[in-house]
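I have placed the structure first, in the form of structure tokens, so that the comments after it can refer back to it.
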Amino acid sequence: MRLTVVSGLAYACGALAASSSVGSYIASESPVAKAGVLANIGAGGSKSSGAYSGVVIASPSTSNPDYLYTWTRDSSLTFKALIDQYTSGEDTSLRTLIDEFVSAEATLQQVTNPSGSVSTGGLGEPKFNINETAFTGAWGRPQRDGPALRATAVMSYATYLYNSGNTTYVTDTLWPIIELDLNYVAGNWNQSTFDLWEEVDSSSFFTTAVQHRSLRQGIIFANLIGQTSVVSNYETQAEALLCFLQSYWNPTDNYVTANTGGGRSGKDANTVLASIHTFDLDAGCDATTFQPCSDKALSNLKVYVDSFRSIYTINDDISSDAAVATGRYPEDTYYNGNPWYLCTLAVAEQLYDALIVWDAQDYLEVTSTSLAFFQQFDSSVAAGTYDSSTSTYSTLTSAVKSFADGFTLIVANYTPSDGELSEQYSKSDGSQTSAVDLTWSYASALTAFAAEAGTSYGSWGAANLSTSSCPSTSGVSVTFEVEYDTEYGENLYITGSVSELEDWSADDALIMSSANYPTWSITVTLPASTAIQYKYLTKYNGDVTWEDDPNNEITTPASGSVTQSDSWH
Ligand SMILES: *[C@@H]1O[C@H](CO)[C@@H](O)[C@H](O)[C@H]1NC(C)=O
Ligand SMILES: *[C@@H]1O[C@H](CO)[C@@H](O)[C@H](O)[C@H]1NC(C)=O
Ligand SMILES: *[C@@H]1O[C@H](CO)[C@@H](O)[C@H](O)[C@H]1NC(C)=O
Ligand SMILES: *[C@@H]1O[C@H](CO)[C@@H](O)[C@H](O)[C@H]1NC(C)=O
């Protein structure tokens, strides 16, 4: 249904009118979004003819653009939403479909593709044909968020099954699938990647954030099911990822720079999507993990939203503190650069998530970093902690709720009467454009609506993480490289005489990347001007094989970075 509200007007009517419109939009759009997701899943989906069982198509559109493929990212985010519905008891009919998804992904993991085989980087391949064969055309590859998002989705399901007593299936069938993805993340997070929009090849905030989440969740999950041998390795890499995550913050302009490359402003929905997909209620408003209500994520949200105010015609005449249509990033030219439903809904979701946390903790905090965000609603507000009994708390939380609803209403306003959601809506008149029935648009509606209703799902271990042990800038970056022809399923590791190399522990040795197979590599931050001994080892079906004596040795430089190329002996 097309609501008769116009974005600016809905605002003038006040919070009450806005929230009842939001309520009626959600009531009508929820079933359409759910049906839209299900229609795009093979083999039974009504719009996904030809897709194998459990395969999620991105959209039924076969030309302008041709999206009749399956992407690991879109599929995993979509199934994470369905798995949350299943495990929370909201929809107990989804079990078979989830099992089919897991089987399809297990098959796709093993499909050799232009990024490699399962053991030489193929897990980073972004998209496949819907009959589970490799897509061999030119593409922005690899995209290293996929394995992390898939591991997160499958672990969410596996945790539920394990806690319900279905332990053998989890250990024997699901863990090998999860472990492949987590080992890929642990070994390859520090390699460059195409971003989630498949355009920029560098390091990307969304990718780093979801990789970090997957390893933290992996630590909890591996401990739960007794697979403790991976834990130390994942902890080491999760610590390094968390340190690296901090480097995207731009302290001068108070926002998260989305990519290290690309030559753009870096203002990008990438960062908002990262915040909602790493939301953990237990972490409160922690800024280390850019939680939705953290001062950094709120400041970033304002900078991101404001970057669209003057570039879309449909945002003209909307006051500077009200919701607007938002897209991927302001410099976007794809299909002429339009707002995307999933981006506008992500803004609403981040704000709804923030409200969930403030409500749970009974206070909100305004810091110098988040001041500009809160002053949109009350120019007199000052930095401070406001208990839920104060009028400032009431004023700010109801303003944030109205602001959040405003983004939902923008989407409502540009949803056609049948409720179908394409990828984009036109910046000039709001009509739908680009791919029809985009699965991710529907999934983003489901997760935003759940957040609006106050729902949050399982914790992944974001609480109480610290960056105090992050390497100081005095460390030096050392890349170790060694050529080695592995057997299928065999991985290369390094350990050595310092804690950064896990103190000669075979169990905790650092897994290396096979991105440039047969060269295996890893970049580690090590103490400067230090003589360090180390060895390479392989692990294969539980068997450890060390290099022969003597140990390798490197004396690190006083500063900068160095590459150490070795041959296995
Ligand atoms: C799978 O799909 C691709 C792309 O549509 C097609 O070229 C290929 O022949 C199909 N392979 C099989 C085994 O069906
Ligand atoms: C465990 O879950 C799987 C996946 O749904 C199912 O096939 C299997 O029958 C279950 N096993 C038990 C013991 O419930
Ligand atoms: C690898 O990690 C180091 C240390 O955090 C960082 O400086 C570098 O930019 C990272 N490179 C990539 C490609 O992730
Ligand atoms: C985090 O630390 C605080 C303060 O020590 C504690 O109250 C809280 O329970 C911890 N949260 C989690 C999830 O461990």
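Chain lettering (A, B, ...) mirrors the order of the structure tokens, residue numbering begins at 1 for each chain separately, and ligand numbering begins at 1 in order of display.
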
Selection as a count of residues only: residues within 9 Å of ligand 1 by only C-alpha atoms and all ligand atoms: 11

Shell around Tyr536 (chain A) at 8 Å using only C-alpha atoms, local window under 3 positions removed, as a list in words: Leu492, Tyr493, Ile494, Thr495, Trp546, Glu547 and Trp568 of chain A

Filtered DSSP result for region 9-184 of chain A, state alpha helix (DSSP H), as a PyMOL selection string: chain A and resi 9-12+14-39+72-87+95-109+146-163+167-169+175-184

Which residues are close to region 285-290 of chain A, i.e. within 9 Å by only C-alpha atoms, leaving aside same-chain residues fewer than 3 positions away? Reply as a short mmCIF file (atom, residue, chain, number, x, y, z; two decimals) with C-alpha atoms, in the first residue's frame.
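Contents of part-v5.cif, freshly written:
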data_model
loop_
_atom_site.label_atom_id
_atom_site.label_comp_id
_atom_site.auth_asym_id
_atom_site.auth_seq_id
_atom_site.Cartn_x
_atom_site.Cartn_y
_atom_site.Cartn_z
CA ALA A 209 33.79 -5.57 11.65
CA LEU A 242 39.74 -5.25 16.98
CA CYS A 243 42.88 -3.13 16.95
CA LEU A 245 38.95 -1.80 13.45
CA GLN A 246 39.88 1.30 15.46
CA ALA A 274 28.47 -2.85 10.12
CA SER A 275 26.99 -1.39 13.30
CA THR A 278 27.46 -6.45 14.95
CA PHE A 279 24.85 -5.26 17.46
CA LEU A 281 22.88 -5.85 23.59
CA CYS A 293 24.27 3.65 20.49
CA SER A 294 28.00 4.33 20.87
CA ASP A 295 29.06 7.94 20.53
CA LYS A 296 31.21 7.11 17.50
CA ALA A 297 28.45 5.22 15.67
CA LEU A 298 25.89 7.99 16.34
CA ALA A 354 20.15 2.29 20.22
CA VAL A 357 20.00 -0.43 24.76
CA TRP A 358 19.08 2.86 26.43
CA LEU A 364 21.90 7.51 27.99
CA GLU A 365 25.17 9.27 27.68
CA ALA A 462 31.29 -7.88 22.23
CA ALA A 463 31.02 -6.91 25.90
CA ASN A 464 34.04 -5.67 27.81
CA LEU A 465 36.57 -5.98 25.02
CA SER A 466 39.63 -3.85 25.42
CA THR A 467 42.09 -2.26 23.04
#

Please produce, as JSON lines, a per-residue contact table for chain A versus ligand 3 (criterion: any atom at most 6 Å away, only C-alpha atoms and all ligand atoms considered), showing the nearest atom pair and its distance in Å to one decimal, sorted by chain then residue number.
{"residue": "A:Asn190", "atom": "CA", "partner": "ligand 3", "partner_atom_place_in_ligand_line": "14 (O)", "distance": 3.6}
{"residue": "A:Gln191", "atom": "CA", "partner": "ligand 3", "partner_atom_place_in_ligand_line": "13 (C)", "distance": 4.2}
{"residue": "A:Ser192", "atom": "CA", "partner": "ligand 3", "partner_atom_place_in_ligand_line": "13 (C)", "distance": 4.0}
{"residue": "A:Ser203", "atom": "CA", "partner": "ligand 3", "partner_atom_place_in_ligand_line": "14 (O)", "distance": 5.2}
{"residue": "A:Phe244", "atom": "CA", "partner": "ligand 3", "partner_atom_place_in_ligand_line": "5 (O)", "distance": 4.3}

Check which residues of chain A sit at most 10 Å from ligand 2 using only C-alpha atoms and all ligand atoms, and return one row each with the closest pair of atoms and their distance in Å to one decimal, ordered by chain and rising number, as CSV.
residue,atom,partner,partner_atom_place_in_ligand_line,distance
A:Arg95,CA,ligand 2,5 (O),6.3
A:Thr96,CA,ligand 2,5 (O),6.8
A:Leu97,CA,ligand 2,5 (O),9.5
A:Ile98,CA,ligand 2,5 (O),8.0
A:Asp99,CA,ligand 2,5 (O),5.8
A:Glu100,CA,ligand 2,5 (O),9.3
A:Val102,CA,ligand 2,4 (C),9.4
A:Tyr157,CA,ligand 2,4 (C),9.6
A:Ala158,CA,ligand 2,2 (O),9.0
A:Leu161,CA,ligand 2,2 (O),6.7
A:Tyr162,CA,ligand 2,1 (C),8.7
A:Ser164,CA,ligand 2,14 (O),8.5
A:Gly165,CA,ligand 2,14 (O),7.4
A:Asn166,CA,ligand 2,1 (C),4.9
A:Thr167,CA,ligand 2,1 (C),7.6
A:Thr168,CA,ligand 2,13 (C),7.4
A:Tyr169,CA,ligand 2,1 (C),5.3
A:Val170,CA,ligand 2,1 (C),7.4
A:Thr173,CA,ligand 2,3 (C),9.0
A:Leu174,CA,ligand 2,4 (C),9.3

All strand (DSSP E or B) residues (DSSP, backbone) inside region 230-379 of chain A, as a list in words: Trp249, Asn250, Tyr255, Val256, Asn259, Gly327, Pro339, Trp340, Tyr363, Leu364, Glu365 and Val366 of chain A

Export of the given selection (N, CA, C and O atoms) as a PDB file, in the first residue's frame:
ATOM      1  N   TRP A 249      38.441   4.960  12.230  1.00  0.00           N
ATOM      2  CA  TRP A 249      37.815   6.159  12.817  1.00  0.00           C
ATOM      3  C   TRP A 249      38.596   7.417  12.413  1.00  0.00           C
ATOM      4  O   TRP A 249      39.820   7.450  12.544  1.00  0.00           O
ATOM      5  N   ASN A 250      37.864   8.401  11.925  1.00  0.00           N
ATOM      6  CA  ASN A 250      38.462   9.681  11.537  1.00  0.00           C
ATOM      7  C   ASN A 250      38.174  10.672  12.671  1.00  0.00           C
ATOM      8  O   ASN A 250      37.065  11.192  12.770  1.00  0.00           O
ATOM      9  N   TYR A 255      33.797  10.626  11.959  1.00  0.00           N
ATOM     10  CA  TYR A 255      33.051   9.548  11.325  1.00  0.00           C
ATOM     11  C   TYR A 255      33.991   8.405  10.976  1.00  0.00           C
ATOM     12  O   TYR A 255      35.209   8.532  11.090  1.00  0.00           O
ATOM     13  N   VAL A 256      33.390   7.291  10.575  1.00  0.00           N
ATOM     14  CA  VAL A 256      34.154   6.110  10.202  1.00  0.00           C
ATOM     15  C   VAL A 256      34.425   6.170   8.703  1.00  0.00           C
ATOM     16  O   VAL A 256      33.480   6.285   7.910  1.00  0.00           O
ATOM     17  N   ASN A 259      36.420   2.771   3.657  1.00  0.00           N
ATOM     18  CA  ASN A 259      37.452   1.957   2.993  1.00  0.00           C
ATOM     19  C   ASN A 259      38.798   2.660   3.101  1.00  0.00           C
ATOM     20  O   ASN A 259      38.856   3.892   3.110  1.00  0.00           O
ATOM     21  N   GLY A 327      21.416   6.567   0.510  1.00  0.00           N
ATOM     22  CA  GLY A 327      21.897   5.518  -0.384  1.00  0.00           C
ATOM     23  C   GLY A 327      23.211   4.937   0.100  1.00  0.00           C
ATOM     24  O   GLY A 327      23.511   4.993   1.291  1.00  0.00           O
ATOM     25  N   PRO A 339      18.946   6.547  -3.818  1.00  0.00           N
ATOM     26  CA  PRO A 339      18.761   5.913  -2.506  1.00  0.00           C
ATOM     27  C   PRO A 339      18.436   4.424  -2.632  1.00  0.00           C
ATOM     28  O   PRO A 339      17.842   4.001  -3.627  1.00  0.00           O
ATOM     29  N   TRP A 340      18.858   3.667  -1.649  1.00  0.00           N
ATOM     30  CA  TRP A 340      18.588   2.218  -1.577  1.00  0.00           C
ATOM     31  C   TRP A 340      17.716   1.945  -0.347  1.00  0.00           C
ATOM     32  O   TRP A 340      17.982   2.478   0.729  1.00  0.00           O
ATOM     33  N   TYR A 363      19.658   4.579  31.070  1.00  0.00           N
ATOM     34  CA  TYR A 363      20.289   5.905  30.970  1.00  0.00           C
ATOM     35  C   TYR A 363      20.845   6.052  29.567  1.00  0.00           C
ATOM     36  O   TYR A 363      20.969   5.060  28.832  1.00  0.00           O
ATOM     37  N   LEU A 364      21.135   7.294  29.218  1.00  0.00           N
ATOM     38  CA  LEU A 364      21.900   7.508  27.987  1.00  0.00           C
ATOM     39  C   LEU A 364      22.968   8.536  28.254  1.00  0.00           C
ATOM     40  O   LEU A 364      22.836   9.386  29.144  1.00  0.00           O
ATOM     41  N   GLU A 365      24.030   8.401  27.470  1.00  0.00           N
ATOM     42  CA  GLU A 365      25.170   9.266  27.680  1.00  0.00           C
ATOM     43  C   GLU A 365      25.403  10.102  26.425  1.00  0.00           C
ATOM     44  O   GLU A 365      25.354   9.576  25.312  1.00  0.00           O
ATOM     45  N   VAL A 366      25.613  11.402  26.634  1.00  0.00           N
ATOM     46  CA  VAL A 366      25.992  12.301  25.552  1.00  0.00           C
ATOM     47  C   VAL A 366      27.452  12.656  25.784  1.00  0.00           C
ATOM     48  O   VAL A 366      27.812  13.101  26.878  1.00  0.00           O
TER      49      VAL A 366
END

Exercise: region 310-315 of chain A partners within 10 Å, only C-alpha atoms, chain neighbours under 2 positions left out, as a PyMOL selection string: chain A and resi 7-8+306-308+317-320+322-327+330-331+337-339+410+426-430
